[in-house]
Amino acid sequence: TKSGILLKTGAQFFIPQLAAALMYVFPPILLAAKVGTTAVVPYNLTLRVLSLTTQLLGLFLIPLWPAYGEAKVRGDLQWIKKTYRRSLIATALFGVLPCLIFAFIGPYLLALWSHKELSFFYAPLVAALSLWMALANFSQPVATLLNGLSQPAGQAGYGRASAIIALALMPIAIDRFGPVGVPLSCLIPFAVINLPCTLWEANCRIRQGSFNPLRFFR
């Protein structure tokens with residue numbers, strides 16, 4: 001039925017959003033339980049500053065979602081390819097590069113901004129969070145393209161698998177590495193599963209027009 005199709009499509013869009021929400025909401029709770037509430041403050045402050053890059057990306061990526069859909073209806077594949085390439089370049093400049101720079105100077109900026117001691121912001125934690133945010137930002141134009149082309153199913157699968165693995169690894173990683181274990185447990189499944197798979201699918205969609213996993217092995 002139409003309602004069943006609509007519900008299924010809505011669930012495919014909802015699952016990646018739910019997975020992303022869990023990846024941001026659950027870590028501070030687990031961190032407070034395992035390490036203590038004092039570890040949550042530098043974690044949250046670092047993540048809040050880094051999230052400014054994500055908000056900046058949203059200003060020009062979100063309007064591309066309906067634009068991709070309209071271009072798909074028109075059959076304007078060239079516009080889709082050109083816009084997708086430009087969005088990747090813009091994301092690298094404004095979403096990835098700032099995070100990589102922040103990985104080195106972040107502790108100094110955070111200490112200056114919060115009037116805390118430099119030692120309050122653990123440099124490995126800032127570096128790991130910066131790398132995690134850089135990868136998460138780079139996935140945004142890819143997700144926007146696939147959503148605009150009405151292809152949420154793959155993202156739902158990748159996002160669910162990555163989130164489950166990250167949440168399963170997180171308690172173990174925190175016990176082994178302390179607060180740094182939080183971004184590390186997110187980085188591993190995201191770098192191995194989510195980002196490569198979504199990039200591969202996006203490449204298939206804009207080049208062949210369909211997603212055939214067997215092409216990968218040819």
# chains A, B, ... in the order shown; residues from 1 in each chain; ligands from 1
>>> residues_around(residues="region 177-187 of chain A", least_positions_apart="5", cutoff="6 Å", atoms="only C-alpha atoms", output="MDAnalysis selection string")
chainID A and resid 125 128:129 132 166 169:170
>>> write_last_selection(atoms="all heavy atoms", output="mmCIF file, in the first residue's frame")
data_model
loop_
_atom_site.group_PDB
_atom_site.id
_atom_site.type_symbol
_atom_site.label_atom_id
_atom_site.label_comp_id
_atom_site.auth_asym_id
_atom_site.auth_seq_id
_atom_site.Cartn_x
_atom_site.Cartn_y
_atom_site.Cartn_z
ATOM 1 N N LEU A 125 42.771 13.811 23.076
ATOM 2 C CA LEU A 125 41.315 13.824 22.949
ATOM 3 C C LEU A 125 40.877 14.863 21.930
ATOM 4 O O LEU A 125 40.015 14.589 21.075
ATOM 5 C CB LEU A 125 40.669 14.123 24.302
ATOM 6 C CG LEU A 125 39.142 14.288 24.302
ATOM 7 C CD1 LEU A 125 38.459 12.994 23.869
ATOM 8 C CD2 LEU A 125 38.640 14.719 25.674
ATOM 9 N N ALA A 128 41.741 13.514 18.445
ATOM 10 C CA ALA A 128 40.858 12.426 18.009
ATOM 11 C C ALA A 128 39.462 12.943 17.670
ATOM 12 O O ALA A 128 38.857 12.525 16.669
ATOM 13 C CB ALA A 128 40.778 11.360 19.099
ATOM 14 N N LEU A 129 38.946 13.863 18.475
ATOM 15 C CA LEU A 129 37.637 14.457 18.182
ATOM 16 C C LEU A 129 37.682 15.269 16.890
ATOM 17 O O LEU A 129 36.723 15.269 16.113
ATOM 18 C CB LEU A 129 37.186 15.341 19.342
ATOM 19 C CG LEU A 129 36.624 14.626 20.572
ATOM 20 C CD1 LEU A 129 36.415 15.614 21.722
ATOM 21 C CD2 LEU A 129 35.307 13.932 20.240
ATOM 22 N N TRP A 132 37.623 12.834 14.023
ATOM 23 C CA TRP A 132 36.274 12.268 13.914
ATOM 24 C C TRP A 132 35.322 13.258 13.252
ATOM 25 O O TRP A 132 34.554 12.915 12.356
ATOM 26 C CB TRP A 132 35.782 11.868 15.305
ATOM 27 C CG TRP A 132 34.296 11.793 15.488
ATOM 28 C CD1 TRP A 132 33.559 12.497 16.382
ATOM 29 C CD2 TRP A 132 33.375 10.959 14.786
ATOM 30 N NE1 TRP A 132 32.238 12.164 16.271
ATOM 31 C CE2 TRP A 132 32.087 11.222 15.293
ATOM 32 C CE3 TRP A 132 33.505 10.029 13.762
ATOM 33 C CZ2 TRP A 132 30.951 10.587 14.825
ATOM 34 C CZ3 TRP A 132 32.370 9.388 13.287
ATOM 35 C CH2 TRP A 132 31.113 9.662 13.821
ATOM 36 N N ALA A 166 30.172 1.034 16.938
ATOM 37 C CA ALA A 166 30.768 2.104 17.748
ATOM 38 C C ALA A 166 30.288 2.032 19.191
ATOM 39 O O ALA A 166 31.095 2.140 20.136
ATOM 40 C CB ALA A 166 30.429 3.465 17.141
ATOM 41 N N LEU A 169 31.906 -0.885 20.935
ATOM 42 C CA LEU A 169 33.329 -0.698 21.219
ATOM 43 C C LEU A 169 33.581 0.336 22.319
ATOM 44 O O LEU A 169 34.599 0.276 23.008
ATOM 45 C CB LEU A 169 34.062 -0.243 19.950
ATOM 46 C CG LEU A 169 34.283 -1.272 18.848
ATOM 47 C CD1 LEU A 169 34.920 -0.594 17.640
ATOM 48 C CD2 LEU A 169 35.166 -2.407 19.341
ATOM 49 N N MET A 170 32.653 1.265 22.479
ATOM 50 C CA MET A 170 32.899 2.426 23.335
ATOM 51 C C MET A 170 33.247 2.067 24.783
ATOM 52 O O MET A 170 34.241 2.598 25.318
ATOM 53 C CB MET A 170 31.693 3.366 23.274
ATOM 54 C CG MET A 170 32.035 4.821 23.528
ATOM 55 S SD MET A 170 30.647 5.911 23.094
ATOM 56 C CE MET A 170 30.681 5.804 21.308
#
>>> residues_around(residues="region 64-70 of chain A", least_positions_apart="4", cutoff="8 Å", atoms="only C-alpha atoms", output="list in words")
Phe60, Arg74, Ile80, Thr144, Leu145, Asn147, Gly148, Leu149 and Ser150 of chain A
>>> closest_residue(among="A:Leu56, A:Leu22, A:Leu195, A:Leu88", to="Gly154 (chain A)", atoms="only C-alpha atoms")
A:Leu195
>>> residues_around(residues="Tyr108 (chain A)", least_positions_apart="6", cutoff="12 Å", atoms="only C-alpha atoms", output="PyMOL selection string")
chain A and resi 46+101-102+114-123+126
>>> atom_distance(atom1="CA of Ala153 (chain A)", atom2="CA of Pro189 (chain A)")
18.2 Å
>>> closest_residue(among="A:Trp79, A:Phe190, A:Phe94, A:Phe138", to="Gly159 (chain A)", atoms="only C-alpha atoms")
A:Phe190
>>> closest_residue(among="A:Gln78, A:Asn44, A:Thr53, A:Ser139", to="Pro196 (chain A)", atoms="only C-alpha atoms")
A:Ser139
>>> select_by_dssp(residues="region 83-170 of chain A", states="alpha helix (DSSP H)", output="PyMOL selection string")
chain A and resi 83-91+97-114+123-148+153-170
>>> closest_residue(among="A:Ile164, A:Leu59, A:Leu110, A:Leu97", to="Tyr43 (chain A)", atoms="only C-alpha atoms")
A:Leu110
>>> atom_distance(atom1="CA of Val49 (chain A)", atom2="CA of Tyr158 (chain A)")
26.9 Å
>>> closest_residue(among="A:Leu61, A:Val192, A:Leu47, A:Phe104", to="Gln140 (chain A)", atoms="only C-alpha atoms")
A:Leu61
>>> atom_distance(atom1="CA of Pro107 (chain A)", atom2="CA of Ser51 (chain A)")
15.6 Å
>>> closest_residue(among="A:Asn194, A:Ser87, A:Asn137, A:Asn203", to="Arg160 (chain A)", atoms="only C-alpha atoms")
A:Asn194
>>> decode(residues="region 36-48 of chain A", atoms="all heavy atoms", output="short mmCIF file (atom, residue, chain, number, x, y, z; two decimals), in the first residue's frame")
data_model
loop_
_atom_site.label_atom_id
_atom_site.label_comp_id
_atom_site.auth_asym_id
_atom_site.auth_seq_id
_atom_site.Cartn_x
_atom_site.Cartn_y
_atom_site.Cartn_z
N GLY A 36 33.99 9.83 34.97
CA GLY A 36 33.59 10.88 35.89
C GLY A 36 33.11 12.11 35.14
O GLY A 36 33.46 12.32 33.97
N THR A 37 32.34 12.91 35.82
CA THR A 37 31.76 14.08 35.16
C THR A 37 32.80 15.11 34.75
O THR A 37 32.56 15.90 33.84
CB THR A 37 30.72 14.74 36.09
OG1 THR A 37 31.34 15.05 37.35
CG2 THR A 37 29.55 13.81 36.33
N THR A 38 33.95 15.11 35.40
CA THR A 38 34.98 16.09 35.04
C THR A 38 35.51 15.85 33.64
O THR A 38 36.01 16.78 32.99
CB THR A 38 36.16 16.03 36.04
OG1 THR A 38 36.65 14.67 36.10
CG2 THR A 38 35.72 16.47 37.41
N ALA A 39 35.41 14.63 33.14
CA ALA A 39 35.88 14.33 31.79
C ALA A 39 34.90 14.78 30.73
O ALA A 39 35.27 14.93 29.56
CB ALA A 39 36.13 12.83 31.65
N VAL A 40 33.65 15.01 31.13
CA VAL A 40 32.63 15.37 30.16
C VAL A 40 32.78 16.82 29.71
O VAL A 40 32.52 17.15 28.55
CB VAL A 40 31.22 15.15 30.76
CG1 VAL A 40 30.14 15.58 29.79
CG2 VAL A 40 31.03 13.69 31.13
N VAL A 41 33.22 17.69 30.60
CA VAL A 41 33.31 19.12 30.28
C VAL A 41 34.26 19.39 29.12
O VAL A 41 33.86 20.01 28.12
CB VAL A 41 33.70 19.95 31.52
CG1 VAL A 41 33.87 21.41 31.14
CG2 VAL A 41 32.66 19.79 32.61
N PRO A 42 35.53 18.95 29.16
CA PRO A 42 36.40 19.19 28.01
C PRO A 42 35.93 18.50 26.74
O PRO A 42 36.11 19.03 25.64
CB PRO A 42 37.77 18.65 28.46
CG PRO A 42 37.47 17.75 29.60
CD PRO A 42 36.26 18.30 30.27
N TYR A 43 35.31 17.33 26.91
CA TYR A 43 34.76 16.62 25.76
C TYR A 43 33.67 17.44 25.08
O TYR A 43 33.69 17.66 23.86
CB TYR A 43 34.21 15.26 26.20
CG TYR A 43 33.52 14.48 25.11
CD1 TYR A 43 34.23 13.61 24.29
CD2 TYR A 43 32.15 14.63 24.88
CE1 TYR A 43 33.60 12.90 23.28
CE2 TYR A 43 31.51 13.93 23.88
CZ TYR A 43 32.23 13.06 23.08
OH TYR A 43 31.59 12.37 22.07
N ASN A 44 32.72 17.92 25.86
CA ASN A 44 31.61 18.68 25.31
C ASN A 44 32.05 20.03 24.73
O ASN A 44 31.56 20.45 23.68
CB ASN A 44 30.53 18.91 26.37
CG ASN A 44 29.65 17.69 26.58
OD1 ASN A 44 29.53 16.84 25.69
ND2 ASN A 44 29.03 17.58 27.74
N LEU A 45 32.97 20.71 25.41
CA LEU A 45 33.45 21.99 24.91
C LEU A 45 34.16 21.83 23.57
O LEU A 45 33.95 22.61 22.63
CB LEU A 45 34.39 22.64 25.93
CG LEU A 45 33.74 23.27 27.16
CD1 LEU A 45 34.80 23.79 28.12
CD2 LEU A 45 32.80 24.41 26.76
N THR A 46 34.99 20.81 23.48
CA THR A 46 35.71 20.56 22.22
C THR A 46 34.74 20.24 21.10
O THR A 46 34.85 20.77 19.98
CB THR A 46 36.70 19.39 22.40
OG1 THR A 46 37.59 19.67 23.48
CG2 THR A 46 37.50 19.17 21.13
N LEU A 47 33.78 19.37 21.39
CA LEU A 47 32.82 18.97 20.37
C LEU A 47 31.94 20.14 19.94
O LEU A 47 31.58 20.27 18.76
CB LEU A 47 31.95 17.82 20.90
CG LEU A 47 31.28 16.93 19.85
CD1 LEU A 47 32.32 16.30 18.94
CD2 LEU A 47 30.46 15.84 20.54
N ARG A 48 31.61 21.00 20.89
CA ARG A 48 30.76 22.15 20.57
C ARG A 48 31.47 23.11 19.63
O ARG A 48 30.86 23.63 18.68
CB ARG A 48 30.34 22.87 21.85
CG ARG A 48 29.52 24.11 21.62
CD ARG A 48 28.71 24.49 22.82
NE ARG A 48 27.77 23.47 23.21
CZ ARG A 48 26.80 23.64 24.12
NH1 ARG A 48 26.68 24.80 24.74
NH2 ARG A 48 25.98 22.67 24.43
#
